[in-house]
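Dropping coords.pdb in here (PDB, C-alpha atoms):
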ATOM      1  CA  MET A   1     104.823 100.614  90.153
ATOM      2  CA  LYS A   2     104.195  97.355  88.288
ATOM      3  CA  LYS A   3     106.472  95.545  90.711
ATOM      4  CA  ASN A   4     104.446  96.773  93.708
ATOM      5  CA  ILE A   5     101.168  95.741  92.118
ATOM      6  CA  LEU A   6     102.562  92.313  91.396
ATOM      7  CA  ARG A   7     103.683  91.953  95.028
ATOM      8  CA  ILE A   8     100.254  92.970  96.290
ATOM      9  CA  LEU A   9      98.527  90.491  93.985
ATOM     10  CA  CYS A  10     100.848  87.712  95.137
ATOM     11  CA  LEU A  11     100.215  88.525  98.792
ATOM     12  CA  LEU A  12      96.469  88.488  98.201
ATOM     13  CA  ALA A  13      96.644  85.160  96.353
ATOM     14  CA  VAL A  14      98.484  83.293  99.131
ATOM     15  CA  PRO A  15      95.602  83.224 101.655
ATOM     16  CA  MET A  16      93.160  82.292  98.897
ATOM     17  CA  ALA A  17      95.382  79.424  97.793
ATOM     18  CA  VAL A  18      95.808  78.180 101.362
ATOM     19  CA  HIS A  19      92.116  78.346 102.262
ATOM     20  CA  GLY A  20      90.883  77.140  98.896
ATOM     21  CA  ALA A  21      93.095  74.056  98.797
ATOM     22  CA  PRO A  22      91.250  70.820  99.565
ATOM     23  CA  ARG A  23      92.318  68.893 102.639
ATOM     24  CA  THR A  24      94.049  65.744 101.574
ATOM     25  CA  ASN A  25      94.458  64.370 105.087
ATOM     26  CA  ASP A  26      91.249  64.485 107.088
ATOM     27  CA  PHE A  27      91.692  61.161 108.893
ATOM     28  CA  PRO A  28      91.749  61.535 112.701
ATOM     29  CA  THR A  29      94.892  60.256 114.388
ATOM     30  CA  VAL A  30      93.073  57.565 116.368
ATOM     31  CA  ASP A  31      91.631  56.070 113.185
ATOM     32  CA  ARG A  32      95.053  56.148 111.546
ATOM     33  CA  VAL A  33      96.501  54.269 114.520
ATOM     34  CA  LEU A  34      93.707  51.685 114.493
ATOM     35  CA  TYR A  35      94.119  51.088 110.753
ATOM     36  CA  VAL A  36      97.860  50.552 111.104
ATOM     37  CA  GLN A  37      97.406  48.293 114.148
ATOM     38  CA  GLU A  38      94.855  46.140 112.298
ATOM     39  CA  CYS A  39      97.167  45.941 109.298
ATOM     40  CA  ILE A  40     100.112  44.893 111.476
ATOM     41  CA  ALA A  41      97.959  42.298 113.279
ATOM     42  CA  ALA A  42      96.972  40.820 109.904
ATOM     43  CA  HIS A  43     100.679  40.184 109.189
ATOM     44  CA  PRO A  44     102.038  38.596 112.387
ATOM     45  CA  ASP A  45     104.875  36.799 110.592
ATOM     46  CA  ALA A  46     106.376  40.020 109.245
ATOM     47  CA  GLY A  47     108.494  42.330 111.364
ATOM     48  CA  LYS A  48     106.558  44.962 113.282
ATOM     49  CA  PHE A  49     108.883  47.779 112.205
ATOM     50  CA  GLU A  50     108.596  46.766 108.559
ATOM     51  CA  MET A  51     104.819  46.449 108.727
ATOM     52  CA  THR A  52     104.442  49.720 110.642
ATOM     53  CA  ASN A  53     106.055  51.511 107.723
ATOM     54  CA  LYS A  54     104.196  49.574 105.044
ATOM     55  CA  CYS A  55     100.822  49.883 106.763
ATOM     56  CA  SER A  56     101.347  53.601 107.401
ATOM     57  CA  CYS A  57     102.194  54.013 103.737
ATOM     58  CA  ALA A  58      98.998  52.177 102.782
ATOM     59  CA  LEU A  59      96.857  54.401 104.986
ATOM     60  CA  ASP A  60      98.488  57.567 103.659
ATOM     61  CA  ALA A  61      97.776  56.373 100.123
ATOM     62  CA  LEU A  62      94.187  55.499 101.051
ATOM     63  CA  ALA A  63      93.688  58.939 102.625
ATOM     64  CA  LYS A  64      94.770  60.525  99.338
ATOM     65  CA  GLU A  65      92.197  58.461  97.454
ATOM     66  CA  ILE A  66      89.091  59.027  99.589
ATOM     67  CA  LYS A  67      87.779  61.361 102.267
ATOM     68  CA  TYR A  68      87.481  60.179 105.834
ATOM     69  CA  ASP A  69      83.668  60.040 105.783
ATOM     70  CA  ASP A  70      83.785  57.793 102.712
ATOM     71  CA  TYR A  71      86.408  55.621 104.406
ATOM     72  CA  VAL A  72      84.141  55.158 107.438
ATOM     73  CA  GLN A  73      81.201  54.165 105.250
ATOM     74  CA  LEU A  74      83.192  51.787 103.055
ATOM     75  CA  SER A  75      85.221  50.136 105.813
ATOM     76  CA  THR A  76      82.174  49.720 108.047
ATOM     77  CA  ALA A  77      80.294  47.961 105.261
ATOM     78  CA  ALA A  78      83.299  45.723 104.572
ATOM     79  CA  LYS A  79      83.687  44.770 108.229
ATOM     80  CA  ALA A  80      79.944  44.231 108.692
ATOM     81  CA  THR A  81      79.763  41.467 106.101
ATOM     82  CA  THR A  82      80.957  39.052 108.777
ATOM     83  CA  ILE A  83      77.844  39.654 110.880
ATOM     84  CA  GLY A  84      75.820  36.470 110.842
ATOM     85  CA  GLY A  85      72.104  35.981 110.673
ATOM     86  CA  GLU A  86      69.412  38.439 109.744
ATOM     87  CA  ARG A  87      71.387  41.593 110.576
ATOM     88  CA  GLY A  88      74.234  40.529 108.319
ATOM     89  CA  GLY A  89      71.774  39.494 105.632
ATOM     90  CA  TYR A  90      70.764  43.129 105.155
ATOM     91  CA  ILE A  91      74.345  44.003 104.275
ATOM     92  CA  ARG A  92      74.870  40.960 102.091
ATOM     93  CA  ASP A  93      71.594  41.637 100.215
ATOM     94  CA  SER A  94      72.119  45.361  99.639
ATOM     95  CA  GLU A  95      73.469  46.091  96.161
ATOM     96  CA  LYS A  96      74.722  49.521  97.241
ATOM     97  CA  LEU A  97      76.606  48.112 100.228
ATOM     98  CA  GLN A  98      78.055  45.344  98.081
ATOM     99  CA  ALA A  99      79.261  47.988  95.616
ATOM    100  CA  ASP A 100      80.807  49.904  98.544
ATOM    101  CA  ILE A 101      82.542  46.748  99.768
ATOM    102  CA  LYS A 102      83.866  46.019  96.287
ATOM    103  CA  ARG A 103      85.157  49.596  95.989
ATOM    104  CA  TYR A 104      86.835  49.420  99.407
ATOM    105  CA  LYS A 105      88.520  46.111  98.656
ATOM    106  CA  ALA A 106      89.773  47.463  95.319
ATOM    107  CA  LEU A 107      91.153  50.577  97.039
ATOM    108  CA  GLN A 108      92.826  48.465  99.693
ATOM    109  CA  ALA A 109      94.366  46.203  97.068
ATOM    110  CA  LYS A 110      95.657  49.239  95.182
ATOM    111  CA  VAL A 111      97.270  50.920  98.207
ATOM    112  CA  ASN A 112      98.582  47.632  99.622
ATOM    113  CA  ASN A 113     100.202  46.811  96.295
ATOM    114  CA  GLY A 114     101.713  50.283  96.058
ATOM    115  CA  CYS A 115     103.166  49.985  99.585
ATOM    116  CA  PHE A 116     104.259  46.346  99.314
ATOM    117  CA  VAL A 117     101.782  45.096 101.921
ATOM    118  CA  GLY A 118     101.287  41.429 101.140
ATOM    119  CA  PRO A 119      98.173  39.393 101.745
ATOM    120  CA  PRO A 120      97.158  38.789 105.377
ATOM    121  CA  THR A 121      98.927  35.914 107.069
ATOM    122  CA  ALA A 122      96.768  33.031 108.276
ATOM    123  CA  ARG A 123      96.927  32.443 111.999
TER     124      ARG A 123
END

Could I get this structure in the form of structure tokens?
Amino acid sequence: MKKNILRILCLLAVPMAVHGAPRTNDFPTVDRVLYVQECIAAHPDAGKFEMTNKCSCALDALAKEIKYDDYVQLSTAAKATTIGGERGGYIRDSEKLQADIKRYKALQAKVNNGCFVGPPTAR
């Protein structure tokens, strides 16, 4: 009798564990591809096969650190700092956006270091 009750409890716990588990990989495929392509392009002197693996590793590590929506916000702010003039000034003057950019760069440095992605190569 105890054995049957234990089996029933285990069977009931499986769906709860599956549905209750947080998604660790919510990055859409297209954004994964774009990230890896940008990473490879930043390292033109390295082999494409080597960098494909290293850059994929870096993105997988990044996806474990933050959710996709946070990634979009942080990476957009980081990329937007290159906008010149008044529009770019808003980003450069915003303390919150600067904190986001700092956080994103720190995350990128962490995952790049962990996956042996060196600094971008100058072209």

Need the axis-aligned box for segment 26-42 of chain A with 6 Å each side, so what are the centre and edges in Å to one decimal, as lines of an AutoDock Vina configuration file?
center_x = 95.7
center_y = 52.7
center_z = 111.7
size_x = 20.9
size_y = 35.7
size_z = 21.3

Query raised in the report: Which residues come within 12 Å of Asp69 of chain A, counting only C-alpha atoms, excluding same-chain residues fewer than 2 positions away, as a PyMOL selection string?
Result: chain A and resi 25-28+31+63+66-67+71-76

**Report entry** Test item: residues at most 10 Å from Gly118 of chain A, only C-alpha atoms, excluding those fewer than 5 positions along its chain, as a PyMOL selection string
**Finding:** chain A and resi 42-43+46+51+54+109+112-113

Report summary line: Shortest contact to Phe116 of chain A, candidates A:Ala61, A:Asp70, A:Gly84, A:Ala99, atoms counted all atoms listed in the file, goes to A:Ala61

Could you tell me which residues the PyMOL selection byres ((chain A and resi 59) around 8) grabs in this file, written as a tab-separated table (two decimals) with C-alpha atoms, in the coordinates of the input?
chain	number	residue	atom	x	y	z
A	32	ARG	CA	95.05	56.15	111.55
A	35	TYR	CA	94.12	51.09	110.75
A	36	VAL	CA	97.86	50.55	111.10
A	55	CYS	CA	100.82	49.88	106.76
A	56	SER	CA	101.35	53.60	107.40
A	57	CYS	CA	102.19	54.01	103.74
A	58	ALA	CA	99.00	52.18	102.78
A	60	ASP	CA	98.49	57.57	103.66
A	61	ALA	CA	97.78	56.37	100.12
A	62	LEU	CA	94.19	55.50	101.05
A	63	ALA	CA	93.69	58.94	102.62
A	111	VAL	CA	97.27	50.92	98.21

Query raised in the report: Using only C-alpha atoms, which of A:Asp45, A:Lys96, A:Pro119, A:Ile101 sits nearest Thr82 of chain A?
Result: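 Ranked by minimum distance to Thr82 of chain A, first place goes to A:Ile101.
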
Requested in this report: Can you work out the spacing between atom CA of Asn53 of chain A and atom CA of Lys105 of chain A in Å, to one decimal?
Outcome: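 These two atoms are separated by 20.5 Å.
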
Query raised in the report: Which value, in Å to one decimal, gives the distance between atom CA of Leu34 of chain A and atom CA of Ile91 of chain A?
Result: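 Between atom CA of Leu34 of chain A and atom CA of Ile91 of chain A the gap is 23.2 Å.
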
Query - Nearest candidate to Glu65 of chain A (options A:Tyr104, A:Val117, A:Gln37, A:Pro44; using all atoms listed in the file) - result: A:Tyr104

Report task. One decimal, Å: what's the distance from atom CA of Thr52 of chain A over to atom CA of Ala77 of chain A, could you say? Result ->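 These atoms are spaced 24.8 Å apart.
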
Report task. Choose the residue, out of A:Tyr68, A:Thr81, A:Glu38, A:Thr29, that has the smallest atom-to-atom separation from Lys102 of chain A; count only C-alpha atoms. Result ->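 That would be A:Thr81, the residue with the smallest distance to Lys102 of chain A.
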
As a compact mmCIF listing (two decimals), keeping the file's coordinate frame, could you write out segment 70-104 of chain A once it has been completed with N, CA and C atoms?
# COMPACT_ATOMS: atom_id res chain seq x y z
N ASP A 70 83.95 58.91 103.65
CA ASP A 70 83.78 57.79 102.71
C ASP A 70 84.49 56.54 103.23
N TYR A 71 85.67 56.74 103.82
CA TYR A 71 86.41 55.62 104.41
C TYR A 71 85.57 54.94 105.49
N VAL A 72 84.95 55.73 106.36
CA VAL A 72 84.14 55.16 107.44
C VAL A 72 83.00 54.33 106.86
N GLN A 73 82.33 54.87 105.86
CA GLN A 73 81.20 54.16 105.25
C GLN A 73 81.67 52.87 104.58
N LEU A 74 82.73 52.96 103.80
CA LEU A 74 83.19 51.79 103.06
C LEU A 74 83.76 50.71 103.98
N SER A 75 84.60 51.12 104.93
CA SER A 75 85.22 50.14 105.81
C SER A 75 84.20 49.50 106.75
N THR A 76 83.22 50.27 107.18
CA THR A 76 82.17 49.72 108.05
C THR A 76 81.38 48.66 107.30
N ALA A 77 81.03 48.94 106.07
CA ALA A 77 80.29 47.96 105.26
C ALA A 77 81.13 46.71 105.07
N ALA A 78 82.43 46.88 104.80
CA ALA A 78 83.30 45.72 104.57
C ALA A 78 83.43 44.87 105.83
N LYS A 79 83.55 45.52 106.98
CA LYS A 79 83.69 44.77 108.23
C LYS A 79 82.37 44.12 108.64
N ALA A 80 81.25 44.72 108.26
CA ALA A 80 79.94 44.23 108.69
C ALA A 80 79.50 43.00 107.92
N THR A 81 80.18 42.66 106.85
CA THR A 81 79.76 41.47 106.10
C THR A 81 79.95 40.19 106.90
N THR A 82 80.74 40.25 107.95
CA THR A 82 80.96 39.05 108.78
C THR A 82 79.86 38.85 109.82
N ILE A 83 78.95 39.80 109.93
CA ILE A 83 77.84 39.65 110.88
C ILE A 83 76.93 38.54 110.38
N GLY A 84 76.66 37.60 111.23
CA GLY A 84 75.82 36.47 110.84
C GLY A 84 74.34 36.77 111.00
N GLY A 85 73.54 35.90 110.47
CA GLY A 85 72.10 35.98 110.67
C GLY A 85 71.42 37.08 109.89
N GLU A 86 70.28 37.48 110.41
CA GLU A 86 69.41 38.44 109.74
C GLU A 86 70.06 39.82 109.59
N ARG A 87 70.75 40.27 110.64
CA ARG A 87 71.39 41.59 110.58
C ARG A 87 72.44 41.63 109.48
N GLY A 88 73.23 40.59 109.36
CA GLY A 88 74.23 40.53 108.32
C GLY A 88 73.63 40.34 106.94
N GLY A 89 72.46 39.71 106.90
CA GLY A 89 71.77 39.49 105.63
C GLY A 89 71.43 40.80 104.95
N TYR A 90 71.09 41.81 105.74
CA TYR A 90 70.76 43.13 105.16
C TYR A 90 71.96 43.66 104.37
N ILE A 91 73.13 43.50 104.92
CA ILE A 91 74.34 44.00 104.28
C ILE A 91 74.67 43.15 103.05
N ARG A 92 74.56 41.86 103.21
CA ARG A 92 74.87 40.96 102.09
C ARG A 92 73.88 41.10 100.94
N ASP A 93 72.64 41.52 101.24
CA ASP A 93 71.59 41.64 100.22
C ASP A 93 71.53 43.03 99.58
N SER A 94 72.18 43.99 100.15
CA SER A 94 72.12 45.36 99.64
C SER A 94 73.12 45.55 98.50
N GLU A 95 72.59 45.88 97.32
CA GLU A 95 73.47 46.09 96.16
C GLU A 95 74.40 47.28 96.38
N LYS A 96 73.89 48.34 97.00
CA LYS A 96 74.72 49.52 97.24
C LYS A 96 75.86 49.19 98.19
N LEU A 97 75.56 48.48 99.28
CA LEU A 97 76.61 48.11 100.23
C LEU A 97 77.61 47.15 99.61
N GLN A 98 77.14 46.26 98.76
CA GLN A 98 78.06 45.34 98.08
C GLN A 98 78.97 46.11 97.13
N ALA A 99 78.43 47.14 96.48
CA ALA A 99 79.26 47.99 95.62
C ALA A 99 80.29 48.75 96.45
N ASP A 100 79.88 49.22 97.64
CA ASP A 100 80.81 49.90 98.54
C ASP A 100 81.93 48.96 98.99
N ILE A 101 81.56 47.74 99.32
CA ILE A 101 82.54 46.75 99.77
C ILE A 101 83.53 46.44 98.64
N LYS A 102 83.01 46.29 97.44
CA LYS A 102 83.87 46.02 96.29
C LYS A 102 84.83 47.19 96.06
N ARG A 103 84.31 48.40 96.16
CA ARG A 103 85.16 49.60 95.99
C ARG A 103 86.24 49.65 97.06
N TYR A 104 85.87 49.37 98.31
CA TYR A 104 86.84 49.42 99.41
C TYR A 104 87.93 48.36 99.22
